[in-house]
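Here's the structure we're looking at; comments come further down.
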Amino acid sequence: MTDIDAEIPQPPTPFHDLDAYIELPRASGLVLSPDGRRLVTAVATLNSEKTKYVTALWEVDTTGERPARRLTRSAKGESGAAFLPDGSLLFGSARPDPAASESDEVPMLWELPADGGEARVVAKRPGGIGGVLVGRDSGTVVVSSSTFPSSTDVESEEAKRKERKEKKVSAILHESYPVRFWDSDLGPDSPRLFAGSLEPGAEPLADPHIELRDLAPDAGRALERAGYDISPDGSTIVTTWNVPERGGYRQALLAIDVASGERRMLADHADYEYGGPQLSPDGATVAVIRERLTTPHDPGDRVLALVSVADGTLRELATDWDRWPASTPRWTPDGSALIVVADENGRAPVFRVEVADGAITRLTSDDYAYSDVVVSPDGQYVYALRASYLEPMTPVRLAADAADQHSEPLAGPVPAPELPGRMEEIETTGSDGTRVRGWLLLPDDASATTPAPFLLWIHGGPLASWNTWSWRWNPWIMVAQGYAVLLPDPALSTGYGREFIRRGWGAWGDAPFTDLMAITDVAVARPDIDDNRTGAMGGSFGGYMANWVAGHTDRFDAIVTHASLWALDQFGPTTDAAWYWSREMTPEMAAAHSPHLSVDSIETPMLVIHGDKDYRVPIGEALRLWYEIASRAESDSGEMPHKFLYFPDENHWILAPQHAKVWYQTVNAFLAHHVLGKDWETPAILR
């Protein structure tokens with residue numbers, strides 16, 4: 001450190017400085033090599049301009065002995081890793097192909113040889129390549145690529161894209177619903193599945209390549225957001241398949257013969273959908289998550305199921321398990337069990353489910369939420385990423401058959417950052433006597449003599465749980481500002497059983513609201529929390545609840561509502577999946593629980609935040625909310641206590657690093673003004 005550096009005060013933790021926070025590296029994803037010795041994860045870091053995150057692939061030693069090793073480096077980044085049988089690594093990247101005269105500007109499929117040589121392009125498509133999977137034994141590669149319906153080969157696809165680009169045509173003619181998803185317009189192209197094998201170059205010095213064959217040229221939109229898997233011998237692909245319904249679709253389960261392209265429907269039922277298909281080690285059975293569709297009076301259900309590839313016979317597994325599988329199930333190598341993650345009590349443990357009788361063993365008993373589970377080839381270990389509000393995603397190892405373990409951290413590429421406070425668990429009972437719990441994060445100096453101001457933070461979903469680290473909405477930033485932050489799981493939260501969800505189903509303003517108020521009462525009664533300085537905030541469904549709170553109590557000094565539902569009659573037909581919403585609430589339910597009907601009761605200052613590219617909760621919700629509270633609050637001088645932070649090019653989440661910084665700056669300024677009594681200070685970049 002130089003003398004100049006020594007003179008600059010260093011923040012106590014990265015959460016005290018938003019520039020330091022957005023620079024923290026973020027790990028995600030996990031794939032295992034065929035020999036079980038190498039884990040590969042992706043790490044996103046800030047680019048030199050600090051305007052976007054770029055992802056690189058890192059190798060993690062499965063024994064935990066060697067430090068993590070970086071495998072890739074490019075300005076465009078890499079993702080979607082998958083191993084070939086010989087240990088070479090496939091990945092997607094839009095980095096320039098050194099063998100091409102022009103950049104393709106779309107992700108291509110690259111191969112990094114097992115011996116550590118130079119990466120090379122092995123396949124490309126005009127619409128880019130993603131979703132790469134490999135047959136474990138055969139090396140057959142399956143990828144997804146967006147393709148125009150009229151395209152019959154690469155040349156016709158290239159011509160269509162070139163014509164639209166040169167003529168600056170972005171128009172889309174829709175002939176079916178839906179038309180968009182989250183922040184993406186659907187069409188005019190749609191995903192198709194392609195398969196091939198790595199072949200040696202035709203000339204002595206030529207690189208190997210993969211000739212991709214179109215397996216579903218007539219798929220249309222049937223493969224939008226499909227989940228798929230390939231059998232170890234490379235002969236069969238199982239995939240979800242969108243079956244049209246009035247005003248939408250449901251996801252069925254389909255088998256595709258790789259050699260012939262022949263398709264067979266394995267599972268299709270008007271009352272169910274299927275997700276996360278995984279073929280057994282012998283390729284004979286598909287493990288899936290079978291979801292019973294919701295109705296306004298029934299939240300449905302999710303169970304593990306086994307489907308025969310030969311004839312489509314289906315058997316549900318562990319039907320009396322009062323938990324919802326939350327991840328793609330993974331087979332043990334002998335096919336005797338499935339490894340799956342499910343939310344539970346503010347955590348997300350790893351479970352082992354026996355195929356023979358559905359017997360369940362909880363493998364982890366710590367306070368973490370697990371994801372990206374993979375099983376070692378010998379069946380001895382399970383590898384996963386774990387996270388909680390005490391640490392972001394960390395690669396770990398655990399035994400595949402031992403109950404109630406604490407997982408063993410491996411030498412990952414991203415160290416856990418120092419935190420600005422401590423975490424406790426609190427609980428109470430709801431108005432109907434049901435247990436309601438949550439996490440409470442407090443500054444280190446919070447005490448009876450220096451009580452911390454209070455912030456209620458309501459999760460989205462609503463079928464979700466505050467059980468894992470979030471980079472988008474990180475409560476430690478608020479703790480660094482001195483707040484005690486409550487992360488509660490009210491009615492509708494997952495991990496507490498079907499009845500806990502049913503308590504709030506179709507009645508969002510009832511049990512979810514009273515649960516939130518009950519656990520808030522417990523929190524603010526603590527001597528280390530100042531009940532005279534309180535705020536509330538939430539996003540998506542949490543934003544809905546923030547709006548509902550604003551219209552039904554004046555106990556908070558300020559409310560922040562992000563990407564929020566305001567007028568349910570307006571939201572229903574304009575969200576990107578209106579057919580799902582029609583199963584969620586009747587018009588009468590929506591009217592009884594729509595926050596906009598209580599606008600005249602709102603007295604609390606509100607900060608409204610929304611992105612224009614949000615198709616899940618369209619911008620019209622924020623525009624109407626803003627007009628209706630502003631028109632009632634505006635004085636003759638034009639002043640009002642409310643504010644509206646608008647992002648023209650962000651979606652449901654505020655993802656660009658500098659926009660995330662502005663988000664936190666504005667939220668902090670708004671809460672500081674109304675909760676802490678400080679003068680309002682507009683973030684400098686917004687002045």
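Identifiers in this document derive from the order of the structure tokens: chains are assigned A, B, ..., residues are numbered from 1 separately in each chain, and ligands are numbered from 1 in order of occurrence.
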Distance query Ala82 (chain A) at most 7 Å, only C-alpha atoms, self and fewer than 2 positions along chain excluded, as a PyMOL selection string
chain A and resi 31+80+84+89-91+132-134
Could you list, with a cut-off of 10 Å and counting only C-alpha atoms, the residues of region 490-510 of chain A near region 296-311 of chain A, each shown with its nearest atom pair and the distance in Å rounded to one decimal, rows sorted by chain and ascending number, as CSV?
```
residue,atom,partner,partner_atom,distance
A:Leu492,CA,A:Pro299,CA,9.3
A:Arg498,CA,A:Asp301,CA,7.7
A:Glu499,CA,A:Pro299,CA,9.4
A:Ile501,CA,A:Pro299,CA,7.2
A:Arg502,CA,A:Pro299,CA,6.3
A:Arg503,CA,A:Pro299,CA,9.8
A:Gly504,CA,A:Pro299,CA,9.5
A:Trp505,CA,A:Pro299,CA,6.4
A:Gly506,CA,A:Pro296,CA,5.9
A:Ala507,CA,A:Pro296,CA,9.5
```
Give me the residues of region 561-649 of chain A that have any atom at most 9 Å from an atom of region 165-181 of chain A; for each, the nearest atom pair and the distance in Å, rounded to one decimal. Use only C-alpha atoms, sort by chain and number, and format it as CSV.
```
residue,atom,partner,partner_atom,distance
A:Thr575,CA,A:Phe181,CA,8.9
A:Asp576,CA,A:Phe181,CA,5.5
A:Ala577,CA,A:Pro178,CA,6.7
A:Ala578,CA,A:Pro178,CA,8.2
A:Trp579,CA,A:Pro178,CA,8.9
A:Tyr615,CA,A:Phe181,CA,6.4
A:Arg616,CA,A:Phe181,CA,7.1
```
Backbone-only DSSP, strand (DSSP E or B) members of region 244-340 of chain A, as a ChimeraX atom specification:
/A:244-245,248-257,263-267,272-279,285-292,295,298,301-308,314-317,325,330-331,337-340
Suppose we keep N, CA and C atoms; can you now write the selection as a compact mmCIF listing (two decimals), in the first residue's frame?
```txt
# COMPACT_ATOMS: atom_id res chain seq x y z
N PRO A 244 -50.33 -26.28 -26.72
CA PRO A 244 -51.22 -25.11 -26.70
C PRO A 244 -52.51 -25.38 -25.95
N GLU A 245 -52.93 -24.38 -25.19
CA GLU A 245 -54.24 -24.37 -24.55
C GLU A 245 -54.88 -23.03 -24.87
N GLY A 248 -52.88 -19.86 -23.83
CA GLY A 248 -51.58 -20.16 -23.26
C GLY A 248 -51.10 -21.54 -23.64
N TYR A 249 -50.42 -22.21 -22.73
CA TYR A 249 -49.94 -23.56 -22.98
C TYR A 249 -49.63 -24.23 -21.65
N ARG A 250 -49.44 -25.54 -21.71
CA ARG A 250 -48.91 -26.31 -20.58
C ARG A 250 -47.72 -27.11 -21.07
N GLN A 251 -46.82 -27.49 -20.15
CA GLN A 251 -45.62 -28.21 -20.52
C GLN A 251 -45.81 -29.71 -20.34
N ALA A 252 -45.72 -30.44 -21.46
CA ALA A 252 -45.77 -31.89 -21.45
C ALA A 252 -44.35 -32.43 -21.51
N LEU A 253 -44.21 -33.76 -21.59
CA LEU A 253 -42.90 -34.40 -21.62
C LEU A 253 -42.79 -35.24 -22.89
N LEU A 254 -41.72 -35.01 -23.66
CA LEU A 254 -41.56 -35.62 -24.98
C LEU A 254 -40.21 -36.33 -25.07
N ALA A 255 -40.18 -37.42 -25.84
CA ALA A 255 -38.92 -38.11 -26.14
C ALA A 255 -38.61 -37.94 -27.62
N ILE A 256 -37.34 -37.67 -27.94
CA ILE A 256 -36.89 -37.53 -29.33
C ILE A 256 -35.79 -38.55 -29.58
N ASP A 257 -35.97 -39.36 -30.61
CA ASP A 257 -34.91 -40.27 -31.03
C ASP A 257 -33.85 -39.48 -31.79
N ARG A 263 -40.46 -38.41 -32.72
CA ARG A 263 -40.91 -37.89 -31.43
C ARG A 263 -42.03 -38.76 -30.86
N ARG A 264 -41.98 -38.93 -29.53
CA ARG A 264 -43.05 -39.65 -28.83
C ARG A 264 -43.42 -38.88 -27.58
N MET A 265 -44.72 -38.65 -27.38
CA MET A 265 -45.18 -38.00 -26.17
C MET A 265 -45.14 -39.00 -25.02
N LEU A 266 -44.42 -38.65 -23.97
CA LEU A 266 -44.31 -39.53 -22.81
C LEU A 266 -45.33 -39.21 -21.74
N ALA A 267 -45.61 -37.94 -21.53
CA ALA A 267 -46.55 -37.55 -20.48
C ALA A 267 -47.23 -36.25 -20.87
N TYR A 272 -51.75 -31.23 -15.41
CA TYR A 272 -50.39 -31.29 -14.90
C TYR A 272 -49.40 -30.67 -15.88
N GLU A 273 -48.26 -30.23 -15.32
CA GLU A 273 -47.10 -29.84 -16.11
C GLU A 273 -45.88 -30.60 -15.60
N TYR A 274 -44.84 -30.63 -16.44
CA TYR A 274 -43.64 -31.40 -16.12
C TYR A 274 -42.42 -30.52 -16.30
N GLY A 275 -41.44 -30.68 -15.40
CA GLY A 275 -40.24 -29.87 -15.49
C GLY A 275 -39.01 -30.61 -14.98
N GLY A 276 -37.83 -30.11 -15.36
CA GLY A 276 -36.57 -30.65 -14.88
C GLY A 276 -36.31 -32.09 -15.24
N PRO A 277 -36.58 -32.54 -16.48
CA PRO A 277 -36.40 -33.97 -16.79
C PRO A 277 -34.93 -34.39 -16.71
N GLN A 278 -34.72 -35.59 -16.12
CA GLN A 278 -33.38 -36.15 -16.02
C GLN A 278 -33.46 -37.65 -16.29
N LEU A 279 -32.70 -38.11 -17.29
CA LEU A 279 -32.69 -39.53 -17.64
C LEU A 279 -31.82 -40.32 -16.68
N THR A 285 -35.54 -44.48 -17.70
CA THR A 285 -36.53 -43.79 -16.88
C THR A 285 -36.20 -42.30 -16.82
N VAL A 286 -37.22 -41.48 -16.83
CA VAL A 286 -37.06 -40.04 -16.67
C VAL A 286 -37.56 -39.62 -15.29
N ALA A 287 -36.72 -38.96 -14.53
CA ALA A 287 -37.16 -38.33 -13.29
C ALA A 287 -37.58 -36.90 -13.62
N VAL A 288 -38.77 -36.52 -13.16
CA VAL A 288 -39.28 -35.18 -13.44
C VAL A 288 -39.94 -34.62 -12.19
N ILE A 289 -40.16 -33.31 -12.22
CA ILE A 289 -41.03 -32.67 -11.23
C ILE A 289 -42.40 -32.52 -11.87
N ARG A 290 -43.39 -33.18 -11.29
CA ARG A 290 -44.76 -33.14 -11.80
C ARG A 290 -45.56 -32.14 -10.98
N GLU A 291 -46.12 -31.15 -11.65
CA GLU A 291 -46.81 -30.07 -10.96
C GLU A 291 -48.28 -30.06 -11.32
N ARG A 292 -49.13 -30.21 -10.31
CA ARG A 292 -50.56 -30.09 -10.53
C ARG A 292 -50.92 -28.62 -10.70
N THR A 295 -55.63 -23.67 -9.30
CA THR A 295 -56.92 -23.04 -9.55
C THR A 295 -57.07 -21.92 -8.52
N ASP A 298 -57.08 -23.68 -5.22
CA ASP A 298 -56.14 -24.77 -4.96
C ASP A 298 -54.76 -24.35 -5.44
N ASP A 301 -49.78 -28.66 -6.52
CA ASP A 301 -48.80 -29.45 -5.79
C ASP A 301 -47.64 -29.76 -6.72
N ARG A 302 -46.48 -30.09 -6.13
CA ARG A 302 -45.31 -30.51 -6.89
C ARG A 302 -44.75 -31.77 -6.27
N VAL A 303 -44.56 -32.79 -7.08
CA VAL A 303 -44.01 -34.05 -6.59
C VAL A 303 -42.99 -34.58 -7.58
N LEU A 304 -42.10 -35.42 -7.09
CA LEU A 304 -41.20 -36.15 -7.97
C LEU A 304 -41.97 -37.28 -8.65
N ALA A 305 -41.65 -37.55 -9.90
CA ALA A 305 -42.30 -38.64 -10.62
C ALA A 305 -41.27 -39.33 -11.50
N LEU A 306 -41.53 -40.60 -11.78
CA LEU A 306 -40.69 -41.41 -12.65
C LEU A 306 -41.52 -41.83 -13.85
N VAL A 307 -40.99 -41.59 -15.06
CA VAL A 307 -41.71 -41.87 -16.30
C VAL A 307 -40.88 -42.86 -17.13
N SER A 308 -41.52 -43.92 -17.58
CA SER A 308 -40.85 -44.91 -18.43
C SER A 308 -40.63 -44.34 -19.82
N LEU A 314 -46.20 -43.81 -15.57
CA LEU A 314 -45.73 -42.82 -14.60
C LEU A 314 -46.01 -43.29 -13.18
N ARG A 315 -45.04 -43.04 -12.31
CA ARG A 315 -45.21 -43.34 -10.89
C ARG A 315 -44.73 -42.14 -10.08
N GLU A 316 -45.64 -41.60 -9.26
CA GLU A 316 -45.25 -40.52 -8.37
C GLU A 316 -44.45 -41.10 -7.21
N LEU A 317 -43.51 -40.29 -6.73
CA LEU A 317 -42.57 -40.73 -5.71
C LEU A 317 -42.69 -39.85 -4.48
N PRO A 325 -40.14 -30.19 -4.28
CA PRO A 325 -38.81 -30.22 -4.90
C PRO A 325 -38.58 -28.94 -5.70
N ARG A 330 -31.33 -35.21 -9.48
CA ARG A 330 -30.12 -35.84 -10.02
C ARG A 330 -30.08 -37.30 -9.56
N TRP A 331 -29.78 -38.19 -10.51
CA TRP A 331 -29.70 -39.61 -10.21
C TRP A 331 -28.38 -39.95 -9.54
N ALA A 337 -31.43 -43.89 -6.39
CA ALA A 337 -31.95 -42.75 -5.64
C ALA A 337 -31.85 -41.48 -6.46
N LEU A 338 -32.60 -40.49 -6.03
CA LEU A 338 -32.55 -39.15 -6.60
C LEU A 338 -32.05 -38.19 -5.53
N ILE A 339 -31.21 -37.25 -5.94
CA ILE A 339 -30.74 -36.19 -5.06
C ILE A 339 -31.45 -34.91 -5.49
N VAL A 340 -32.10 -34.24 -4.53
CA VAL A 340 -32.92 -33.08 -4.87
C VAL A 340 -32.86 -32.08 -3.74
```
Excluding Thr449 (chain A) and any residue of its chain fewer than 5 positions from it, enumerate the residues within 10 Å of it, using only C-alpha atoms, and give them as a PDB file with C-alpha atoms, in the first residue's frame.
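File around.pdb, as written:
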```pdb
ATOM      1  CA  PRO A 527     -34.680  -3.505  22.995  1.00  0.00           C
ATOM      2  CA  ASP A 528     -32.030  -3.391  20.251  1.00  0.00           C
ATOM      3  CA  ILE A 529     -34.563  -2.089  17.680  1.00  0.00           C
TER       4      ILE A 529
END
```
Near-Pro417 (chain A) list (8 Å; only C-alpha atoms; drop same-chain fewer than 3 positions) as number ranges by chain:
A: 13-14, 391
Limited to C-alpha atoms, could you put the picked residues into a file as a short mmCIF file (atom, residue, chain, number, x, y, z; two decimals), in the first residue's frame?
```
data_model
loop_
_atom_site.label_atom_id
_atom_site.label_comp_id
_atom_site.auth_asym_id
_atom_site.auth_seq_id
_atom_site.Cartn_x
_atom_site.Cartn_y
_atom_site.Cartn_z
CA THR A 13 -16.82 -3.93 4.55
CA PRO A 14 -17.77 -3.93 0.85
CA GLU A 391 -22.14 -16.18 2.61
#
```
Top pick for closest residue to Gly130 (chain A), considering A:Phe148, A:Trp476, A:Trp58, A:Trp110 and counting only C-alpha atoms:
A:Trp110
Would you please extract all alpha helix (DSSP H) residues from region 419-538 of chain A, as assigned by DSSP on the backbone, and give them as a list in words?
Pro475, Trp476, Ile477, Met478, Val479, Ala480, Arg498, Glu499, Phe500, Ile501, Arg502, Ala511, Pro512, Phe513, Thr514, Asp515, Leu516, Met517, Ala518, Ile519, Thr520, Asp521, Val522, Ala523 and Val524 of chain A
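Comparing the minimum interatomic distances between Ala656 (chain A) and each of A:Ala68, A:Leu385, A:Leu46, A:Val436, counting only C-alpha atoms, we find that A:Leu46 sits nearest.
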If you count only C-alpha atoms, which residues fall within 8 Å of region 621-635 of chain A, apart from same-chain ones fewer than 4 positions away, as a PyMOL selection string?
chain A and resi 563-567+570-571+596+599-600+602+608-610+617+639-642+644
Quick one: residues within 9 Å of region 15-29 of chain A, only C-alpha atoms counted, chain neighbours fewer than 2 positions away excluded, as a PyMOL selection string?
chain A and resi 11-13+31+40-46+50+53+55+80-81+371-372+384-385+392-395+412-415+417-420+471+474+476-481+657-658+660-661+664-665
Need to verify the contact set: Val350 (chain A), 7 Å, only C-alpha atoms, exclusion of same-chain residues closer than 4 positions in sequence. Can you return it as a VMD selection string?
chain A and resid 339 to 342 362 to 364 370
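Nearest-residue note for Ala356 (chain A): choosing from A:Ile458, A:Ile129, A:Ala318, A:Ala448, the minimum distance belongs to A:Ala318, counting only C-alpha atoms.
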Between CA of Ala206 (chain A) and CA of Glu111 (chain A), what is the distance in Å, rounded to a tenth?
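CA of Ala206 (chain A) sits 13.9 Å away from CA of Glu111 (chain A).
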